[in-house]
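Written below as structure tokens is the structure these notes are about.
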Amino acid sequence: MDKVLVIIPAYNEALNIERVVGNLTENYPFYDFVVVNDGSTDQTGEICRRHGWNLIDLPVNLGLAGAFQTGIKYAYYKEYAYALQFDGDGQHRPEYIGLMREKMDEGYDIVIGSRYLTEKKVDSMRLVGSCLISAAIRLTTGVSVKDPTSGMRMFNKKMIEEFAHGLNYGPEPDTISYLMKQGAKVSEIPVQMDERVLGESYLKPFNAAVYMGKMLFSILLVQNFRKRD
């Protein structure tokens with residue numbers, strides 16, 4: 001009744017997906033998971049099918065928001081109590097899933113795996129962007145979130161339903177900020193994350209700067225006019 005579903009959106013992660021899901025199935029078999037193959041043009045889907053892994057194959061690329069919402073709808077219809085957003089590139093470590101689940105028992109709706117509660121040396125550009133977004137969230141909600149850009153987030157059943165029914169709910173800091181304004185309780189636990197070993201990240205310096213700008217604009221302005229779905 002309180003099972004966790006690990007949602008793994010994957011776009012062209014053929015170089016990483018076998019290692020990521022293999023680690024889950026071999027060392028953490030008590031967690032259910034679903035890989036959402038987001039219209040990959042490489043062998044991501046084929047690798048998952050060959051292993052017989054739980055897979056949702058999207059015919060076109062919907063982007064992270066669409067892939068995540070597909071997984072969250074699956075969690076909703078399968079009546080999972082918790083859903084975890086988990087990267088398919090190998091950066092997230094599954095040993096923290098249990099700790100995030102335990103944190104939920106303290107009455108939180110969203111628990112974030114935070115790099116900046118533990119790491120002393122981080123990418124300076126990433127840290128600056130995260131600090132700016134964190135300041136914007138604190139200014140608009142009064143709550144401090146140390147690592148708002150972390151992609152490792154766990155949601156309870158209430159949030160699963162919220163995301164499953166809300167077409168405009170992408171798994172981004174501005175949505176977390178909006179939900180906090182609506183009363184969602186958010187906490188963080190310290191985690192360590194690995195660097196991507198293979199493949200290329202979408203968030204190169206220019207894209208990262210554009211992303212940060214969009215998040216700041218959305219948190220400081222757009223969210224004030226947002227209507228609940």
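Numbering starts fresh at 1 for the residues of each chain in the structure tokens, the chains themselves are lettered A, B, ... in the order given, and ligands are numbered from 1 as they appear.
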* Asked: If you run DSSP on this backbone, which residues of segment 59-149 of chain A come out as strand (DSSP E), and could you give them as a PyMOL selection string?
  -> chain A and resi 82-85+110-114
* Within 7 Å of Lys146 of chain A, counting only C-alpha atoms, which residues qualify if same-chain residues fewer than 4 places away don't, as a list in words? ->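 Using only C-alpha atoms, the neighbours found are Ser114, Tyr116 and Ser134 of chain A.
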* Secondary structure check, alpha helix (DSSP H) residues of segment 143-214 of chain A, as a PyMOL selection string -> chain A and resi 157-165+173-181+205-214
Expected file: the selected residues, N, CA, C and O atoms, as a tab-separated table (two decimals), in the first residue's frame:
chain	number	residue	atom	x	y	z
A	157	LYS	N	1.13	10.52	-2.63
A	157	LYS	CA	-0.05	10.18	-3.43
A	157	LYS	C	-0.84	11.42	-3.85
A	157	LYS	O	-1.35	11.49	-4.97
A	158	LYS	N	-0.90	12.39	-2.95
A	158	LYS	CA	-1.63	13.63	-3.28
A	158	LYS	C	-0.96	14.35	-4.44
A	158	LYS	O	-1.63	14.85	-5.35
A	159	MET	N	0.36	14.41	-4.44
A	159	MET	CA	1.09	15.08	-5.51
A	159	MET	C	1.04	14.26	-6.81
A	159	MET	O	1.00	14.82	-7.91
A	160	ILE	N	1.03	12.94	-6.69
A	160	ILE	CA	0.90	12.09	-7.88
A	160	ILE	C	-0.41	12.42	-8.59
A	160	ILE	O	-0.43	12.59	-9.81
A	161	GLU	N	-1.49	12.52	-7.83
A	161	GLU	CA	-2.78	12.87	-8.42
A	161	GLU	C	-2.75	14.26	-9.04
A	161	GLU	O	-3.28	14.49	-10.13
A	162	GLU	N	-2.09	15.20	-8.35
A	162	GLU	CA	-1.99	16.57	-8.85
A	162	GLU	C	-1.27	16.62	-10.20
A	162	GLU	O	-1.73	17.24	-11.16
A	163	PHE	N	-0.14	15.94	-10.29
A	163	PHE	CA	0.63	15.92	-11.53
A	163	PHE	C	-0.08	15.13	-12.62
A	163	PHE	O	0.00	15.48	-13.80
A	164	ALA	N	-0.75	14.05	-12.24
A	164	ALA	CA	-1.42	13.21	-13.24
A	164	ALA	C	-2.55	13.94	-13.93
A	164	ALA	O	-2.83	13.71	-15.12
A	165	HIS	N	-3.23	14.84	-13.21
A	165	HIS	CA	-4.38	15.54	-13.77
A	165	HIS	C	-4.05	16.94	-14.28
A	165	HIS	O	-4.87	17.55	-14.97
A	173	PRO	N	11.51	23.53	-11.19
A	173	PRO	CA	11.46	24.34	-9.97
A	173	PRO	C	10.27	25.29	-9.90
A	173	PRO	O	9.76	25.56	-8.80
A	174	ASP	N	9.82	25.81	-11.04
A	174	ASP	CA	8.69	26.74	-10.98
A	174	ASP	C	7.41	26.04	-10.56
A	174	ASP	O	6.58	26.62	-9.85
A	175	THR	N	7.24	24.79	-10.97
A	175	THR	CA	6.07	24.03	-10.54
A	175	THR	C	6.16	23.71	-9.06
A	175	THR	O	5.16	23.79	-8.34
A	176	ILE	N	7.35	23.34	-8.59
A	176	ILE	CA	7.53	23.09	-7.16
A	176	ILE	C	7.18	24.35	-6.37
A	176	ILE	O	6.50	24.30	-5.34
A	177	SER	N	7.65	25.50	-6.85
A	177	SER	CA	7.35	26.77	-6.19
A	177	SER	C	5.85	27.02	-6.16
A	177	SER	O	5.29	27.43	-5.14
A	178	TYR	N	5.18	26.77	-7.28
A	178	TYR	CA	3.73	26.97	-7.36
A	178	TYR	C	2.99	26.07	-6.37
A	178	TYR	O	2.08	26.52	-5.65
A	179	LEU	N	3.39	24.81	-6.31
A	179	LEU	CA	2.73	23.87	-5.41
A	179	LEU	C	2.96	24.26	-3.95
A	179	LEU	O	2.07	24.09	-3.11
A	180	MET	N	4.14	24.79	-3.66
A	180	MET	CA	4.40	25.28	-2.30
A	180	MET	C	3.46	26.41	-1.94
A	180	MET	O	2.96	26.50	-0.81
A	181	LYS	N	3.18	27.29	-2.90
A	181	LYS	CA	2.23	28.38	-2.66
A	181	LYS	C	0.83	27.84	-2.39
A	181	LYS	O	0.02	28.47	-1.70
A	205	PRO	N	26.31	24.94	-21.35
A	205	PRO	CA	26.31	26.29	-20.75
A	205	PRO	C	25.24	27.24	-21.28
A	205	PRO	O	24.54	27.87	-20.49
A	206	PHE	N	25.08	27.33	-22.60
A	206	PHE	CA	24.08	28.26	-23.14
A	206	PHE	C	22.67	27.81	-22.77
A	206	PHE	O	21.85	28.62	-22.30
A	207	ASN	N	22.37	26.52	-22.97
A	207	ASN	CA	21.04	26.01	-22.63
A	207	ASN	C	20.76	26.15	-21.15
A	207	ASN	O	19.63	26.44	-20.74
A	208	ALA	N	21.79	25.94	-20.33
A	208	ALA	CA	21.62	26.07	-18.88
A	208	ALA	C	21.28	27.51	-18.51
A	208	ALA	O	20.41	27.75	-17.65
A	209	ALA	N	21.95	28.48	-19.14
A	209	ALA	CA	21.67	29.88	-18.86
A	209	ALA	C	20.25	30.25	-19.26
A	209	ALA	O	19.54	30.97	-18.53
A	210	VAL	N	19.80	29.77	-20.42
A	210	VAL	CA	18.43	30.03	-20.88
A	210	VAL	C	17.43	29.40	-19.92
A	210	VAL	O	16.41	30.01	-19.55
A	211	TYR	N	17.72	28.17	-19.50
A	211	TYR	CA	16.85	27.47	-18.56
A	211	TYR	C	16.71	28.26	-17.25
A	211	TYR	O	15.59	28.46	-16.74
A	212	MET	N	17.84	28.70	-16.71
A	212	MET	CA	17.80	29.46	-15.46
A	212	MET	C	16.99	30.74	-15.61
A	212	MET	O	16.20	31.10	-14.74
A	213	GLY	N	17.16	31.42	-16.75
A	213	GLY	CA	16.40	32.63	-16.99
A	213	GLY	C	14.91	32.38	-17.05
A	213	GLY	O	14.11	33.13	-16.47
A	214	LYS	N	14.52	31.30	-17.72
A	214	LYS	CA	13.10	30.95	-17.81
A	214	LYS	C	12.52	30.64	-16.44
A	214	LYS	O	11.40	31.04	-16.12
* Pairwise distance for atom CA of Pro94 of chain A and atom CA of Gly151 of chain A, rounded to one decimal in Å -> 13.1 Å
* To do: Between A:Val111, A:Leu55, A:Leu221, A:Val186, single out the one closest to Gly142 of chain A, counting only C-alpha atoms.
  => A:Val186
* From A:Asp89, A:Glu102, A:Asp147, A:Asp109, residue lying nearest Val20 of chain A [only C-alpha atoms] ->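 Answer, going by the shortest atom-to-atom distance: A:Asp89.
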* To do: Can you pull out every residue within 10 Å of Pro171 of chain A, counting only C-alpha atoms, but drop anything in the same chain fewer than 5 positions away, and send it as a list in words?
  =>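 The filter keeps Leu64, Ala65, Gly66, Ala67, Phe68, Gln69, Gln85, Thr149, Gly151, Met152, Arg153, Phe163 and Ile176 of chain A.
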Take the residues from that selection and write them out as a tab-separated table (two decimals), in the first residue's frame, keeping all heavy atoms.
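The result, stored in out08.tsv:
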chain	number	residue	atom	x	y	z
A	64	LEU	N	11.16	16.19	-21.25
A	64	LEU	CA	11.13	15.69	-19.88
A	64	LEU	C	9.75	15.81	-19.25
A	64	LEU	O	9.29	14.88	-18.58
A	64	LEU	CB	12.16	16.45	-19.03
A	64	LEU	CG	12.17	16.12	-17.54
A	64	LEU	CD1	12.48	14.65	-17.31
A	64	LEU	CD2	13.17	17.00	-16.80
A	65	ALA	N	9.08	16.94	-19.46
A	65	ALA	CA	7.78	17.15	-18.82
A	65	ALA	C	6.78	16.09	-19.29
A	65	ALA	O	6.07	15.49	-18.46
A	65	ALA	CB	7.25	18.55	-19.13
A	66	GLY	N	6.72	15.84	-20.59
A	66	GLY	CA	5.78	14.86	-21.12
A	66	GLY	C	6.12	13.44	-20.69
A	66	GLY	O	5.23	12.65	-20.36
A	67	ALA	N	7.42	13.12	-20.70
A	67	ALA	CA	7.83	11.78	-20.29
A	67	ALA	C	7.55	11.55	-18.81
A	67	ALA	O	7.05	10.48	-18.41
A	67	ALA	CB	9.32	11.59	-20.59
A	68	PHE	N	7.86	12.54	-18.00
A	68	PHE	CA	7.60	12.40	-16.57
A	68	PHE	C	6.11	12.28	-16.30
A	68	PHE	O	5.69	11.44	-15.49
A	68	PHE	CB	8.17	13.60	-15.80
A	68	PHE	CG	7.78	13.62	-14.35
A	68	PHE	CD1	8.37	12.74	-13.45
A	68	PHE	CD2	6.81	14.49	-13.88
A	68	PHE	CE1	8.01	12.74	-12.11
A	68	PHE	CE2	6.45	14.50	-12.55
A	68	PHE	CZ	7.05	13.62	-11.66
A	69	GLN	N	5.30	13.09	-16.96
A	69	GLN	CA	3.86	13.02	-16.71
A	69	GLN	C	3.30	11.67	-17.15
A	69	GLN	O	2.38	11.15	-16.53
A	69	GLN	CB	3.13	14.15	-17.41
A	69	GLN	CG	1.68	14.26	-16.93
A	69	GLN	CD	1.00	15.52	-17.41
A	69	GLN	OE1	0.99	15.80	-18.58
A	69	GLN	NE2	0.42	16.26	-16.48
A	85	GLN	N	11.11	10.67	-9.27
A	85	GLN	CA	11.72	11.09	-10.53
A	85	GLN	C	13.20	10.72	-10.46
A	85	GLN	O	13.91	11.13	-9.54
A	85	GLN	CB	11.54	12.60	-10.70
A	85	GLN	CG	12.13	13.18	-11.96
A	85	GLN	CD	12.02	14.70	-11.99
A	85	GLN	OE1	11.31	15.29	-11.17
A	85	GLN	NE2	12.72	15.33	-12.91
A	149	THR	N	16.97	22.78	-8.38
A	149	THR	CA	17.13	22.21	-9.73
A	149	THR	C	17.42	20.72	-9.70
A	149	THR	O	17.57	20.10	-10.76
A	149	THR	CB	18.25	22.93	-10.50
A	149	THR	OG1	19.49	22.74	-9.81
A	149	THR	CG2	17.96	24.41	-10.62
A	151	GLY	N	16.97	16.96	-9.95
A	151	GLY	CA	15.97	16.16	-10.65
A	151	GLY	C	15.55	14.92	-9.89
A	151	GLY	O	14.77	14.11	-10.39
A	152	MET	N	16.07	14.76	-8.68
A	152	MET	CA	15.72	13.59	-7.86
A	152	MET	C	14.68	14.02	-6.85
A	152	MET	O	15.00	14.58	-5.79
A	152	MET	CB	16.96	13.03	-7.17
A	152	MET	CG	16.74	11.68	-6.53
A	152	MET	SD	18.30	11.00	-5.86
A	152	MET	CE	17.73	9.36	-5.35
A	153	ARG	N	13.42	13.78	-7.18
A	153	ARG	CA	12.31	14.25	-6.34
A	153	ARG	C	11.32	13.13	-6.10
A	153	ARG	O	10.95	12.41	-7.03
A	153	ARG	CB	11.58	15.42	-7.01
A	153	ARG	CG	12.47	16.59	-7.44
A	153	ARG	CD	11.62	17.68	-8.06
A	153	ARG	NE	12.43	18.80	-8.55
A	153	ARG	CZ	12.73	18.98	-9.83
A	153	ARG	NH1	12.28	18.13	-10.75
A	153	ARG	NH2	13.45	20.02	-10.21
A	163	PHE	N	-0.14	15.94	-10.29
A	163	PHE	CA	0.63	15.92	-11.53
A	163	PHE	C	-0.08	15.13	-12.62
A	163	PHE	O	0.00	15.48	-13.80
A	163	PHE	CB	2.02	15.32	-11.28
A	163	PHE	CG	3.04	16.31	-10.80
A	163	PHE	CD1	3.14	16.63	-9.46
A	163	PHE	CD2	3.91	16.92	-11.68
A	163	PHE	CE1	4.08	17.54	-9.00
A	163	PHE	CE2	4.85	17.84	-11.24
A	163	PHE	CZ	4.94	18.15	-9.90
A	176	ILE	N	7.35	23.34	-8.59
A	176	ILE	CA	7.53	23.09	-7.16
A	176	ILE	C	7.18	24.35	-6.37
A	176	ILE	O	6.50	24.30	-5.34
A	176	ILE	CB	8.97	22.64	-6.86
A	176	ILE	CG1	9.33	21.38	-7.68
A	176	ILE	CG2	9.15	22.40	-5.37
A	176	ILE	CD1	8.45	20.20	-7.42
* Asked: Hey, can you check how far atom CA of Ile17 of chain A sits from atom CA of Val35 of chain A?
  ->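 Separation of atom CA of Ile17 of chain A and atom CA of Val35 of chain A: 9.0 Å.
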* For Pro59 of chain A, list every protein, DNA or RNA residue within 10 Å, evaluated using only C-alpha atoms, and leave out those in the same chain fewer than 6 positions away; present the list as a ChimeraX atom specification. => /A:37-40
Selected residues written out, N, CA and C atoms, as a compact mmCIF listing (two decimals), in the first residue's frame:
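The resulting file, result_3.txt, is reproduced below:
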# COMPACT_ATOMS: atom_id res chain seq x y z
N ASN A 37 10.55 5.59 -22.34
CA ASN A 37 11.42 5.84 -23.49
C ASN A 37 10.81 6.97 -24.31
N ASP A 38 11.43 8.14 -24.23
CA ASP A 38 10.84 9.37 -24.78
C ASP A 38 11.18 9.56 -26.26
N GLY A 39 10.70 8.64 -27.08
CA GLY A 39 10.92 8.75 -28.52
C GLY A 39 12.38 8.70 -28.91
N SER A 40 13.18 7.91 -28.20
CA SER A 40 14.61 7.83 -28.48
C SER A 40 14.88 7.35 -29.90
* To do: State, in Å with one decimal place, the distance from atom CA of Leu220 of chain A to atom CA of Phe155 of chain A.
  =>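 The value is 23.7 Å.
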